[in-house]
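First up is the structure itself, then whatever we jot down about it.
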There are 2 protein chains.
Amino acid sequence: MNNKRIGVFDSGVGGLTVVKELIRQLPNESICYLGDTARAPYGSKTKDTIIRFSIENVSFLLKRNVKIIVVACNTSSAIALDELRKNFKINIIGVVEAGARAAIDITRNKRIGIIGTRATIESKAYEKIIKMKDKNIKIFSYATPLLVPLVEEGWLEERETELILRRYLKYFNGKNIDTLLLGCTHYPLLKNLIKRIMPGINIIDSAIEISKTIRAMLESSGMLASRKNNNKHEFYVTDTPDNFNKIAKMFLKESIISAKKIDLKKR
Amino acid sequence: MNNKRIGVFDSGVGGLTVVKELIRQLPNESICYLGDTARAPYGSKTKDTIIRFSIENVSFLLKRNVKIIVVACNTSSAIALDELRKNFKINIIGVVEAGARAAIDITRNKRIGIIGTRATIESKAYEKIIKMKDKNIKIFSYATPLLVPLVEEGWLEERETELILRRYLKYFNGKNIDTLLLGCTHYPLLKNLIKRIMPGINIIDSAIEISKTIRAMLESSGMLASRKNNNKHEFYVTDTPDNFNKIAKMFLKESIISAKKIDLKKR
(Lines give C-alpha, C1' and ligand atoms only; values in the text may rest on other atoms or scores of the structure.)
Protein backbone atom coordinates (compact mmCIF):
# COMPACT_ATOMS: atom_id res chain seq x y z
CA MET A 1 0.00 0.00 0.00
CA ASN A 2 1.18 3.47 -0.83
CA ASN A 3 -1.18 6.42 -0.57
CA LYS A 4 1.16 8.96 -2.09
CA ARG A 5 -0.07 10.68 -5.24
CA ILE A 6 0.71 9.78 -8.84
CA GLY A 7 2.63 12.71 -10.34
CA VAL A 8 1.68 13.67 -13.90
CA PHE A 9 3.10 16.50 -15.96
CA ASP A 10 2.34 17.93 -19.38
CA SER A 11 3.17 21.17 -21.15
CA GLY A 12 -0.50 22.14 -20.88
CA VAL A 13 -3.97 20.72 -20.67
CA GLY A 14 -3.67 17.67 -22.96
CA GLY A 15 -2.36 15.38 -20.21
CA LEU A 16 -5.78 15.54 -18.59
CA THR A 17 -6.90 12.71 -20.91
CA VAL A 18 -4.31 10.62 -19.03
CA VAL A 19 -5.67 11.85 -15.70
CA LYS A 20 -9.21 10.95 -16.72
CA GLU A 21 -8.15 7.44 -17.67
CA LEU A 22 -6.05 7.00 -14.50
CA ILE A 23 -9.09 7.96 -12.42
CA ARG A 24 -11.23 5.44 -14.34
CA GLN A 25 -8.74 2.57 -14.09
CA LEU A 26 -7.42 3.35 -10.60
CA PRO A 27 -10.26 5.02 -8.66
CA ASN A 28 -8.47 4.86 -5.30
CA GLU A 29 -5.45 6.80 -6.54
CA SER A 30 -4.91 10.52 -6.15
CA ILE A 31 -3.20 12.57 -8.83
CA CYS A 32 -0.86 15.54 -8.61
CA TYR A 33 -0.95 17.21 -12.04
CA LEU A 34 1.38 19.92 -13.30
CA GLY A 35 0.58 21.75 -16.56
CA ASP A 36 3.47 24.00 -17.59
CA THR A 37 1.07 26.35 -19.35
CA ALA A 38 3.36 29.41 -19.15
CA ARG A 39 5.93 27.72 -21.36
CA ALA A 40 3.63 25.64 -23.61
CA PRO A 41 3.82 24.41 -26.28
CA TYR A 42 7.05 22.44 -25.93
CA GLY A 43 6.93 21.18 -29.54
CA SER A 44 8.70 24.20 -31.01
CA LYS A 45 11.45 24.43 -28.38
CA THR A 46 14.99 23.09 -28.72
CA LYS A 47 16.11 19.82 -27.13
CA ASP A 48 18.12 21.44 -24.30
CA THR A 49 15.21 23.66 -23.35
CA ILE A 50 12.76 20.76 -23.28
CA ILE A 51 15.10 18.72 -21.07
CA ARG A 52 15.56 21.67 -18.69
CA PHE A 53 11.80 22.29 -18.45
CA SER A 54 11.15 18.59 -17.90
CA ILE A 55 13.70 18.36 -15.08
CA GLU A 56 12.09 21.39 -13.40
CA ASN A 57 8.67 19.75 -13.69
CA VAL A 58 9.83 16.48 -12.15
CA SER A 59 11.59 18.38 -9.34
CA PHE A 60 8.35 20.16 -8.53
CA LEU A 61 6.35 16.92 -8.45
CA LEU A 62 8.94 15.26 -6.20
CA LYS A 63 8.52 18.09 -3.71
CA ARG A 64 4.80 17.25 -3.72
CA ASN A 65 5.92 13.78 -2.58
CA VAL A 66 4.58 11.62 -5.43
CA LYS A 67 5.26 7.87 -5.79
CA ILE A 68 5.68 7.68 -9.58
CA ILE A 69 6.10 10.19 -12.42
CA VAL A 70 4.01 10.11 -15.58
CA VAL A 71 5.28 12.14 -18.54
CA ALA A 72 1.99 12.86 -20.31
CA CYS A 73 3.62 15.32 -22.72
CA ASN A 74 4.51 13.70 -26.05
CA THR A 75 7.38 16.09 -26.79
CA SER A 76 8.94 15.73 -23.37
CA SER A 77 8.39 11.99 -23.40
CA ALA A 78 10.10 11.70 -26.79
CA ILE A 79 13.03 13.98 -26.04
CA ALA A 80 13.70 14.11 -22.29
CA LEU A 81 12.81 10.68 -20.91
CA ASP A 82 16.32 9.16 -20.93
CA GLU A 83 17.75 12.29 -19.34
CA LEU A 84 15.04 12.30 -16.65
CA ARG A 85 15.74 8.68 -15.79
CA LYS A 86 19.45 9.51 -15.47
CA ASN A 87 18.67 12.41 -13.12
CA PHE A 88 16.03 10.89 -10.85
CA LYS A 89 15.68 7.58 -9.04
CA ILE A 90 11.87 7.49 -9.04
CA ASN A 91 10.01 5.40 -11.66
CA ILE A 92 9.24 7.55 -14.70
CA ILE A 93 6.75 6.41 -17.35
CA GLY A 94 6.41 8.10 -20.75
CA VAL A 95 3.33 8.31 -22.92
CA VAL A 96 5.23 7.62 -26.17
CA GLU A 97 6.64 4.27 -25.03
CA ALA A 98 3.24 3.11 -23.79
CA GLY A 99 1.51 4.01 -27.06
CA ALA A 100 4.23 2.51 -29.23
CA ARG A 101 4.21 -0.77 -27.31
CA ALA A 102 0.42 -1.07 -27.58
CA ALA A 103 0.51 -0.46 -31.34
CA ILE A 104 3.15 -3.16 -31.83
CA ASP A 105 1.09 -5.61 -29.76
CA ILE A 106 -2.15 -5.09 -31.66
CA THR A 107 -1.12 -4.81 -35.32
CA ARG A 108 -1.62 -7.99 -37.34
CA ASN A 109 -0.38 -6.84 -40.76
CA LYS A 110 2.50 -4.77 -39.31
CA ARG A 111 1.29 -1.55 -40.94
CA ILE A 112 0.74 1.27 -38.44
CA GLY A 113 -0.46 4.84 -39.01
CA ILE A 114 0.49 7.66 -36.62
CA ILE A 115 -1.05 11.12 -36.33
CA GLY A 116 0.30 13.90 -34.12
CA THR A 117 1.34 17.53 -33.96
CA ARG A 118 4.00 18.68 -36.40
CA ALA A 119 6.63 18.57 -33.64
CA THR A 120 5.81 15.00 -32.62
CA ILE A 121 5.72 13.70 -36.18
CA GLU A 122 8.97 15.47 -37.13
CA SER A 123 10.70 14.09 -34.02
CA LYS A 124 9.95 10.55 -35.30
CA ALA A 125 9.67 9.58 -31.63
CA TYR A 126 7.08 6.84 -32.08
CA GLU A 127 8.75 5.61 -35.23
CA LYS A 128 12.13 5.17 -33.52
CA ILE A 129 10.70 3.18 -30.61
CA ILE A 130 8.55 0.97 -32.84
CA LYS A 131 11.42 0.27 -35.27
CA MET A 132 13.71 -0.53 -32.36
CA LYS A 133 11.33 -3.23 -31.16
CA ASP A 134 10.32 -4.59 -34.57
CA LYS A 135 12.08 -3.33 -37.66
CA ASN A 136 9.66 -5.14 -39.99
CA ILE A 137 6.79 -2.84 -39.06
CA LYS A 138 5.90 -0.30 -41.75
CA ILE A 139 4.98 3.12 -40.37
CA PHE A 140 3.00 5.92 -42.01
CA SER A 141 3.12 9.23 -40.08
CA TYR A 142 1.10 12.33 -40.77
CA ALA A 143 1.07 15.70 -39.00
CA THR A 144 -2.43 16.96 -38.15
CA PRO A 145 -1.79 20.35 -36.52
CA LEU A 146 -5.39 21.61 -36.60
CA LEU A 147 -6.71 18.94 -34.26
CA VAL A 148 -5.40 20.45 -31.01
CA PRO A 149 -7.00 23.86 -31.65
CA LEU A 150 -10.24 22.16 -32.75
CA VAL A 151 -10.36 20.18 -29.50
CA GLU A 152 -9.53 23.28 -27.44
CA GLU A 153 -12.33 25.12 -29.24
CA GLY A 154 -14.63 22.35 -27.99
CA TRP A 155 -15.66 21.31 -31.51
CA LEU A 156 -15.57 17.57 -30.84
CA GLU A 157 -18.44 16.42 -33.06
CA GLU A 158 -18.91 19.38 -35.42
CA ARG A 159 -19.18 19.06 -39.16
CA GLU A 160 -16.11 21.28 -39.67
CA THR A 161 -14.02 18.98 -37.47
CA GLU A 162 -15.25 15.92 -39.34
CA LEU A 163 -14.35 17.48 -42.70
CA ILE A 164 -10.85 18.39 -41.53
CA LEU A 165 -10.35 14.92 -40.06
CA ARG A 166 -11.57 13.29 -43.28
CA ARG A 167 -9.12 15.41 -45.23
CA TYR A 168 -6.21 14.53 -42.95
CA LEU A 169 -7.07 10.82 -42.78
CA LYS A 170 -7.23 10.58 -46.58
CA TYR A 171 -3.45 10.36 -46.31
CA PHE A 172 -3.89 6.76 -45.15
CA ASN A 173 -6.03 5.72 -48.15
CA GLY A 174 -4.42 2.78 -49.91
CA LYS A 175 -1.76 2.41 -47.20
CA ASN A 176 -3.58 -0.64 -45.83
CA ILE A 177 -2.88 0.15 -42.15
CA ASP A 178 -4.77 -1.88 -39.54
CA THR A 179 -3.80 0.32 -36.56
CA LEU A 180 -3.88 4.08 -36.01
CA LEU A 181 -1.85 5.50 -33.14
CA LEU A 182 -3.16 8.76 -31.68
CA GLY A 183 0.17 10.49 -31.00
CA CYS A 184 -1.21 13.40 -29.03
CA THR A 185 -3.02 13.54 -25.70
CA HIS A 186 -5.73 15.79 -27.13
CA TYR A 187 -6.81 13.32 -29.79
CA PRO A 188 -8.73 10.81 -27.62
CA LEU A 189 -11.50 13.43 -27.51
CA LEU A 190 -11.92 12.93 -31.27
CA LYS A 191 -12.00 9.12 -31.07
CA ASN A 192 -15.70 8.77 -31.92
CA LEU A 193 -15.27 10.82 -35.07
CA ILE A 194 -12.14 8.92 -36.10
CA LYS A 195 -13.89 5.57 -35.58
CA ARG A 196 -16.71 6.75 -37.83
CA ILE A 197 -14.27 7.78 -40.58
CA MET A 198 -12.04 4.68 -40.32
CA PRO A 199 -14.37 1.89 -39.15
CA GLY A 200 -12.74 -1.38 -38.18
CA ILE A 201 -9.32 0.12 -37.54
CA ASN A 202 -7.51 -0.42 -34.20
CA ILE A 203 -7.21 2.96 -32.53
CA ILE A 204 -4.41 3.31 -29.98
CA ASP A 205 -5.25 5.83 -27.29
CA SER A 206 -2.00 6.50 -25.38
CA ALA A 207 -3.93 7.72 -22.33
CA ILE A 208 -5.51 4.27 -21.92
CA GLU A 209 -2.24 2.47 -22.63
CA ILE A 210 -0.10 4.46 -20.22
CA SER A 211 -2.73 4.01 -17.50
CA LYS A 212 -2.58 0.23 -18.00
CA THR A 213 1.22 0.35 -17.66
CA ILE A 214 0.97 2.37 -14.46
CA ARG A 215 -1.65 0.06 -13.00
CA ALA A 216 0.48 -3.00 -13.72
CA MET A 217 3.54 -1.35 -12.25
CA LEU A 218 1.81 -0.22 -9.05
CA GLU A 219 0.12 -3.61 -8.62
CA SER A 220 3.26 -5.65 -9.11
CA SER A 221 5.25 -3.52 -6.68
CA GLY A 222 2.52 -3.36 -4.01
CA MET A 223 2.27 0.41 -4.40
CA LEU A 224 -1.46 0.79 -5.02
CA ALA A 225 -3.35 3.20 -2.79
CA SER A 226 -5.69 1.74 -0.18
CA ARG A 227 -9.43 1.82 -0.65
CA LYS A 228 -9.71 4.26 2.21
CA ASN A 229 -7.28 6.69 0.61
CA ASN A 230 -8.73 10.11 1.30
CA ASN A 231 -6.33 12.18 -0.75
CA LYS A 232 -7.71 14.49 -3.34
CA HIS A 233 -6.40 15.34 -6.77
CA GLU A 234 -4.22 18.43 -7.03
CA PHE A 235 -3.79 20.53 -10.17
CA TYR A 236 -1.01 23.08 -10.70
CA VAL A 237 -0.31 25.36 -13.66
CA THR A 238 2.49 27.84 -14.32
CA ASP A 239 0.30 30.59 -15.78
CA THR A 240 -3.13 32.03 -14.96
CA PRO A 241 -5.48 29.07 -14.53
CA ASP A 242 -8.64 30.53 -16.15
CA ASN A 243 -8.32 29.01 -19.59
CA PHE A 244 -6.91 25.77 -18.16
CA ASN A 245 -9.90 25.36 -15.86
CA LYS A 246 -12.30 26.00 -18.72
CA ILE A 247 -10.75 23.41 -21.03
CA ALA A 248 -10.23 21.00 -18.12
CA LYS A 249 -14.00 20.79 -17.65
CA MET A 250 -14.32 19.50 -21.20
CA PHE A 251 -11.57 16.90 -20.65
CA LEU A 252 -12.59 15.64 -17.22
CA LYS A 253 -16.35 16.17 -17.37
CA GLU A 254 -17.53 14.78 -13.99
CA SER A 255 -14.84 16.30 -11.81
CA ILE A 256 -14.73 20.04 -12.12
CA ILE A 257 -11.26 21.15 -11.17
CA SER A 258 -9.66 24.34 -10.05
CA ALA A 259 -5.94 24.66 -10.68
CA LYS A 260 -3.46 26.66 -8.60
CA LYS A 261 -0.82 28.83 -10.19
CA ILE A 262 2.75 28.12 -9.07
CA ASP A 263 6.19 29.50 -9.92
CA LEU A 264 8.70 26.76 -10.77
CA LYS A 265 11.66 29.11 -10.26
CA LYS A 266 10.72 29.86 -6.67
CA ARG A 267 10.81 26.28 -5.51
CA MET B 1 17.50 60.77 -45.00
CA ASN B 2 18.14 57.92 -42.64
CA ASN B 3 19.25 54.53 -43.95
CA LYS B 4 18.99 52.70 -40.66
CA ARG B 5 16.61 49.78 -40.58
CA ILE B 6 13.00 49.72 -39.37
CA GLY B 7 12.86 47.41 -36.34
CA VAL B 8 9.85 45.09 -36.16
CA PHE B 9 9.10 42.50 -33.51
CA ASP B 10 6.40 39.91 -33.01
CA SER B 11 6.03 36.84 -30.84
CA GLY B 12 6.31 34.71 -33.97
CA VAL B 13 5.65 34.72 -37.67
CA GLY B 14 2.46 36.81 -37.87
CA GLY B 15 4.27 40.14 -37.97
CA LEU B 16 5.52 39.23 -41.44
CA THR B 17 2.23 40.56 -42.85
CA VAL B 18 3.43 43.94 -41.54
CA VAL B 19 6.86 43.39 -43.12
CA LYS B 20 5.24 42.54 -46.45
CA GLU B 21 3.16 45.71 -46.39
CA LEU B 22 6.13 47.87 -45.27
CA ILE B 23 8.14 46.55 -48.22
CA ARG B 24 5.23 47.36 -50.58
CA GLN B 25 4.63 50.88 -49.23
CA LEU B 26 8.27 51.76 -48.54
CA PRO B 27 10.42 49.86 -51.04
CA ASN B 28 13.64 51.72 -50.15
CA GLU B 29 13.47 50.76 -46.49
CA SER B 30 15.26 47.82 -44.89
CA ILE B 31 13.69 45.82 -42.10
CA CYS B 32 15.19 44.16 -39.05
CA TYR B 33 12.64 41.60 -37.86
CA LEU B 34 12.68 39.70 -34.58
CA GLY B 35 10.27 36.79 -34.04
CA ASP B 36 10.41 35.58 -30.44
CA THR B 37 9.43 32.07 -31.52
CA ALA B 38 10.96 30.32 -28.49
CA ARG B 39 8.50 32.06 -26.18
CA ALA B 40 5.46 32.34 -28.46
CA PRO B 41 2.56 32.63 -28.12
CA TYR B 42 2.43 35.67 -25.82
CA GLY B 43 -1.38 35.60 -25.55
CA SER B 44 -1.48 33.15 -22.66
CA LYS B 45 1.29 34.79 -20.60
CA THR B 46 0.82 37.18 -17.67
CA LYS B 47 1.18 40.95 -18.00
CA ASP B 48 4.57 41.17 -16.25
CA THR B 49 6.01 38.44 -18.45
CA ILE B 50 4.77 40.08 -21.65
CA ILE B 51 6.29 43.42 -20.60
CA ARG B 52 9.61 41.76 -19.75
CA PHE B 53 9.74 39.89 -23.08
CA SER B 54 8.82 43.07 -24.99
CA ILE B 55 11.58 45.09 -23.30
CA GLU B 56 14.09 42.37 -24.20
CA ASN B 57 12.91 42.43 -27.82
CA VAL B 58 13.24 46.22 -28.11
CA SER B 59 16.69 46.09 -26.49
CA PHE B 60 17.81 43.57 -29.11
CA LEU B 61 16.51 45.69 -32.00
CA LEU B 62 18.21 48.81 -30.60
CA LYS B 63 21.53 46.95 -30.64
CA ARG B 64 20.87 46.30 -34.34
CA ASN B 65 20.74 50.09 -34.65
CA VAL B 66 17.18 50.61 -35.95
CA LYS B 67 15.53 54.03 -36.42
CA ILE B 68 12.00 53.18 -35.27
CA ILE B 69 10.34 50.25 -33.48
CA VAL B 70 7.19 48.56 -34.76
CA VAL B 71 5.31 46.33 -32.31
CA ALA B 72 3.65 43.92 -34.72
CA CYS B 73 2.46 41.62 -31.93
CA ASN B 74 -1.13 42.32 -30.89
CA THR B 75 -0.68 41.08 -27.34
CA SER B 76 2.51 43.04 -26.74
CA SER B 77 1.03 46.09 -28.42
CA ALA B 78 -2.05 45.93 -26.20
CA ILE B 79 -0.26 45.24 -22.94
CA ALA B 80 3.31 46.54 -23.08
CA LEU B 81 3.25 49.66 -25.30
CA ASP B 82 3.01 52.28 -22.52
CA GLU B 83 5.76 50.59 -20.57
CA LEU B 84 8.01 50.38 -23.64
CA ARG B 85 7.53 54.09 -24.33
CA LYS B 86 8.48 54.84 -20.71
CA ASN B 87 11.64 52.74 -21.01
CA PHE B 88 12.93 53.79 -24.42
CA LYS B 89 13.37 57.13 -26.19
CA ILE B 90 12.97 55.79 -29.74
CA ASN B 91 9.62 56.12 -31.54
CA ILE B 92 7.53 53.00 -30.92
CA ILE B 93 4.43 52.25 -33.01
CA GLY B 94 1.87 49.59 -32.07
CA VAL B 95 -0.34 47.58 -34.37
CA VAL B 96 -3.41 47.86 -32.13
CA GLU B 97 -3.49 51.67 -32.13
CA ALA B 98 -3.08 51.81 -35.91
CA GLY B 99 -5.93 49.36 -36.53
CA ALA B 100 -8.25 51.01 -34.00
CA ARG B 101 -7.70 54.47 -35.49
CA ALA B 102 -8.40 53.24 -39.02
CA ALA B 103 -11.63 51.54 -37.93
CA ILE B 104 -12.85 54.74 -36.23
CA ASP B 105 -12.03 56.77 -39.34
CA ILE B 106 -13.89 54.50 -41.76
CA THR B 107 -17.07 53.49 -39.95
CA ARG B 108 -20.16 55.45 -40.96
CA ASN B 109 -22.79 53.85 -38.71
CA LYS B 110 -20.40 53.56 -35.73
CA ARG B 111 -20.85 49.79 -35.45
CA ILE B 112 -17.53 47.90 -35.62
CA GLY B 113 -16.85 44.17 -35.48
CA ILE B 114 -13.52 42.79 -34.23
CA ILE B 115 -12.10 39.29 -34.62
CA GLY B 116 -8.91 38.06 -32.97
CA THR B 117 -7.32 35.32 -30.90
CA ARG B 118 -8.91 34.54 -27.56
CA ALA B 119 -6.16 36.48 -25.75
CA THR B 120 -6.61 39.62 -27.86
CA ILE B 121 -10.41 39.60 -27.58
CA GLU B 122 -10.33 38.96 -23.82
CA SER B 123 -7.82 41.79 -23.33
CA LYS B 124 -10.38 44.20 -24.86
CA ALA B 125 -7.37 46.09 -26.21
CA TYR B 126 -9.02 47.38 -29.38
CA GLU B 127 -12.25 48.09 -27.54
CA LYS B 128 -10.52 50.28 -24.93
CA ILE B 129 -8.69 52.41 -27.51
CA ILE B 130 -11.77 52.83 -29.71
CA LYS B 131 -14.01 53.74 -26.75
CA MET B 132 -11.42 56.22 -25.52
CA LYS B 133 -11.51 58.05 -28.84
CA ASP B 134 -15.28 57.79 -29.46
CA LYS B 135 -17.51 56.38 -26.77
CA ASN B 136 -20.55 56.33 -29.07
CA ILE B 137 -19.08 53.54 -31.19
CA LYS B 138 -20.71 50.17 -30.63
CA ILE B 139 -18.25 47.26 -30.70
CA PHE B 140 -18.91 43.56 -31.28
CA SER B 141 -15.89 41.32 -30.55
CA TYR B 142 -15.56 37.64 -31.29
CA ALA B 143 -12.69 35.23 -30.63
CA THR B 144 -11.75 33.10 -33.65
CA PRO B 145 -8.92 30.89 -32.34
CA LEU B 146 -8.86 28.41 -35.25
CA LEU B 147 -7.80 30.99 -37.83
CA VAL B 148 -4.12 31.17 -36.85
CA PRO B 149 -3.59 27.40 -37.11
CA LEU B 150 -5.54 27.34 -40.40
CA VAL B 151 -3.26 30.05 -41.84
CA GLU B 152 -0.15 28.30 -40.54
CA GLU B 153 -1.39 25.08 -42.18
CA GLY B 154 -1.46 27.05 -45.44
CA TRP B 155 -5.19 26.47 -45.95
CA LEU B 156 -5.96 29.98 -47.19
CA GLU B 157 -8.69 29.23 -49.72
CA GLU B 158 -9.82 25.72 -48.74
CA ARG B 159 -13.42 24.74 -48.26
CA GLU B 160 -12.78 23.76 -44.61
CA THR B 161 -11.42 27.24 -43.88
CA GLU B 162 -14.41 28.87 -45.57
CA LEU B 163 -16.85 26.78 -43.53
CA ILE B 164 -15.10 27.65 -40.27
CA LEU B 165 -14.97 31.34 -41.21
CA ARG B 166 -18.68 31.31 -42.15
CA ARG B 167 -19.47 29.74 -38.80
CA TYR B 168 -17.43 32.31 -36.88
CA LEU B 169 -18.71 35.30 -38.87
CA LYS B 170 -22.34 34.24 -38.28
CA TYR B 171 -21.83 35.92 -34.92
CA PHE B 172 -22.13 39.29 -36.72
CA ASN B 173 -25.48 38.44 -38.36
CA GLY B 174 -28.06 41.06 -37.41
CA LYS B 175 -25.44 43.21 -35.65
CA ASN B 176 -25.44 45.64 -38.60
CA ILE B 177 -21.70 46.37 -38.51
CA ASP B 178 -20.21 48.26 -41.46
CA THR B 179 -16.56 47.63 -40.52
CA LEU B 180 -14.67 44.49 -39.52
CA LEU B 181 -11.30 44.90 -37.84
CA LEU B 182 -8.86 42.02 -38.32
CA GLY B 183 -7.31 41.97 -34.85
CA CYS B 184 -4.51 39.52 -35.63
CA THR B 185 -1.56 39.77 -37.98
CA HIS B 186 -2.29 36.34 -39.47
CA TYR B 187 -5.76 37.27 -40.67
CA PRO B 188 -4.85 39.43 -43.70
CA LEU B 189 -4.03 36.14 -45.45
CA LEU B 190 -7.74 35.26 -45.18
CA LYS B 191 -8.96 38.62 -46.51
CA ASN B 192 -10.22 37.28 -49.85
CA LEU B 193 -12.33 34.66 -48.14
CA ILE B 194 -13.71 37.16 -45.61
CA LYS B 195 -14.64 39.59 -48.40
CA ARG B 196 -16.54 36.82 -50.15
CA ILE B 197 -18.47 35.97 -46.97
CA MET B 198 -19.17 39.58 -45.95
CA PRO B 199 -19.32 41.51 -49.23
CA GLY B 200 -19.49 45.28 -48.97
CA ILE B 201 -18.03 45.45 -45.46
CA ASN B 202 -14.98 47.62 -44.69
CA ILE B 203 -12.15 45.33 -43.71
CA ILE B 204 -9.41 46.85 -41.57
CA ASP B 205 -6.06 45.18 -42.12
CA SER B 206 -3.76 46.41 -39.34
CA ALA B 207 -0.66 45.57 -41.39
CA ILE B 208 -1.70 48.13 -44.03
CA GLU B 209 -2.71 50.71 -41.42
CA ILE B 210 0.45 50.52 -39.33
CA SER B 211 2.54 50.79 -42.49
CA LYS B 212 0.69 53.99 -43.43
CA THR B 213 1.41 55.40 -39.97
CA ILE B 214 5.09 54.52 -40.25
CA ARG B 215 5.36 56.04 -43.72
CA ALA B 216 3.74 59.27 -42.55
CA MET B 217 6.00 59.43 -39.52
CA LEU B 218 9.22 58.80 -41.47
CA GLU B 219 8.21 61.27 -44.18
CA SER B 220 7.27 64.08 -41.81
CA SER B 221 10.51 63.71 -39.84
CA GLY B 222 12.79 63.39 -42.89
CA MET B 223 13.79 59.89 -41.84
CA LEU B 224 13.02 57.97 -45.04
CA ALA B 225 15.79 55.84 -46.51
CA SER B 226 17.47 57.07 -49.69
CA ARG B 227 16.75 55.46 -53.03
CA LYS B 228 20.26 54.11 -53.12
CA ASN B 229 19.90 52.40 -49.75
CA ASN B 230 21.67 49.09 -50.16
CA ASN B 231 20.75 47.55 -46.84
CA LYS B 232 19.07 44.21 -46.83
CA HIS B 233 16.33 42.87 -44.61
CA GLU B 234 17.41 40.89 -41.57
CA PHE B 235 15.34 38.23 -39.84
CA TYR B 236 16.03 36.85 -36.36
CA VAL B 237 14.21 34.22 -34.33
CA THR B 238 14.76 32.87 -30.84
CA ASP B 239 14.24 29.20 -31.67
CA THR B 240 15.19 26.93 -34.57
CA PRO B 241 14.28 28.78 -37.77
CA ASP B 242 13.05 25.82 -39.88
CA ASN B 243 9.34 26.21 -39.31
CA PHE B 244 9.59 30.01 -39.35
CA ASN B 245 11.31 29.97 -42.74
CA LYS B 246 8.67 27.63 -44.14
CA ILE B 247 5.71 29.76 -43.03
CA ALA B 248 7.58 32.95 -43.95
CA LYS B 249 7.59 31.89 -47.59
CA MET B 250 3.80 31.81 -47.51
CA PHE B 251 3.59 35.26 -45.90
CA LEU B 252 6.20 37.04 -47.99
CA LYS B 253 5.92 35.15 -51.29
CA GLU B 254 8.42 36.97 -53.53
CA SER B 255 11.25 37.33 -51.03
CA ILE B 256 12.38 34.00 -49.67
CA ILE B 257 13.97 34.63 -46.32
CA SER B 258 16.33 32.78 -44.10
CA ALA B 259 16.18 33.66 -40.42
CA LYS B 260 19.07 33.49 -37.95
CA LYS B 261 18.65 32.07 -34.48
CA ILE B 262 19.74 34.37 -31.65
CA ASP B 263 19.75 34.16 -27.86
CA LEU B 264 18.18 37.23 -26.23
CA LYS B 265 19.80 36.46 -22.86
CA LYS B 266 23.30 36.58 -24.29
CA ARG B 267 23.04 40.12 -25.59
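Note on naming: chains are A, B, ... as they come in the C-alpha coordinates, residues start from 1 per chain, ligands start from 1 in the order shown.
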If we count only C-alpha atoms and set the cut-off at 9 Å, which residues sit around Ile177 of chain A, ignoring sequence neighbours fewer than 2 positions away in its own chain? Please answer as a list in words.
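Answer for this query is Thr107, Asn109, Lys110, Arg111, Ile112, Gly113, Lys138, Ile139, Phe140, Phe172, Asn173, Gly174, Lys175, Thr179, Leu180 and Ile201 of chain A.
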Running DSSP on the backbone, which parts of segment 105-198 of chain B land in alpha helix (DSSP H), as a VMD selection string?
chain B and resid 105 to 106 118 to 123 125 to 133 147 to 152 159 to 169 191 to 197
Select residues of chain B: the criterion is any atom within 12 Å of an atom of chain A, counting only C-alpha atoms; output as a ChimeraX atom specification.
/B:12,36-50,117-119,122,143-155,158-168,237-244,261
Which distance in Å separates atom CA of Leu190 of chain B and atom CA of Glu29 of chain B, to one decimal?
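Going from atom CA of Leu190 of chain B over to atom CA of Glu29 of chain B, I get 26.3 Å.
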Nearest to Cys73 of chain B among B:Ile194, B:Ile115, B:Ala207, B:Ile90, with distances taken over only C-alpha atoms: which residue is it?
B:Ala207
Applying 9 Å and only C-alpha atoms, which residues near Val96 of chain A remain after dropping the ones on its own chain fewer than 6 positions away? List them as a ChimeraX atom specification.
/A:71-75,77-78,125-126,129,183,206,210
Mind the document's chain letters and residue numbers, and return as an NGL selection string the residues of segment 33-250 of chain B that DSSP labels strand (DSSP E).
:B and (33-35 or 66-71 or 92-94 or 111-116 or 138-143 or 179-182 or 202-205 or 234-237)
If I take atom CA of Lys4 of chain A and atom CA of His233 of chain A, how far is one from the other in Å, to one decimal?
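Atom CA of His233 of chain A lies 10.9 Å from atom CA of Lys4 of chain A.
Straight-line separation from atom CA of Val66 of chain B to atom CA of Cys32 of chain B: 7.4 Å.
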Counting only C-alpha atoms, which of B:Val58, B:Leu169, B:Leu34, B:Ile79 gets nearest to Arg196 of chain B?
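Checking each of B:Val58, B:Leu169, B:Leu34, B:Ile79 against Arg196 of chain B, counting only C-alpha atoms, the winner is B:Leu169.
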Which residue is closest to Ser211 of chain B? Choose from B:Val18, B:Leu224, B:Leu264, B:Val8 and count only C-alpha atoms.
B:Val18
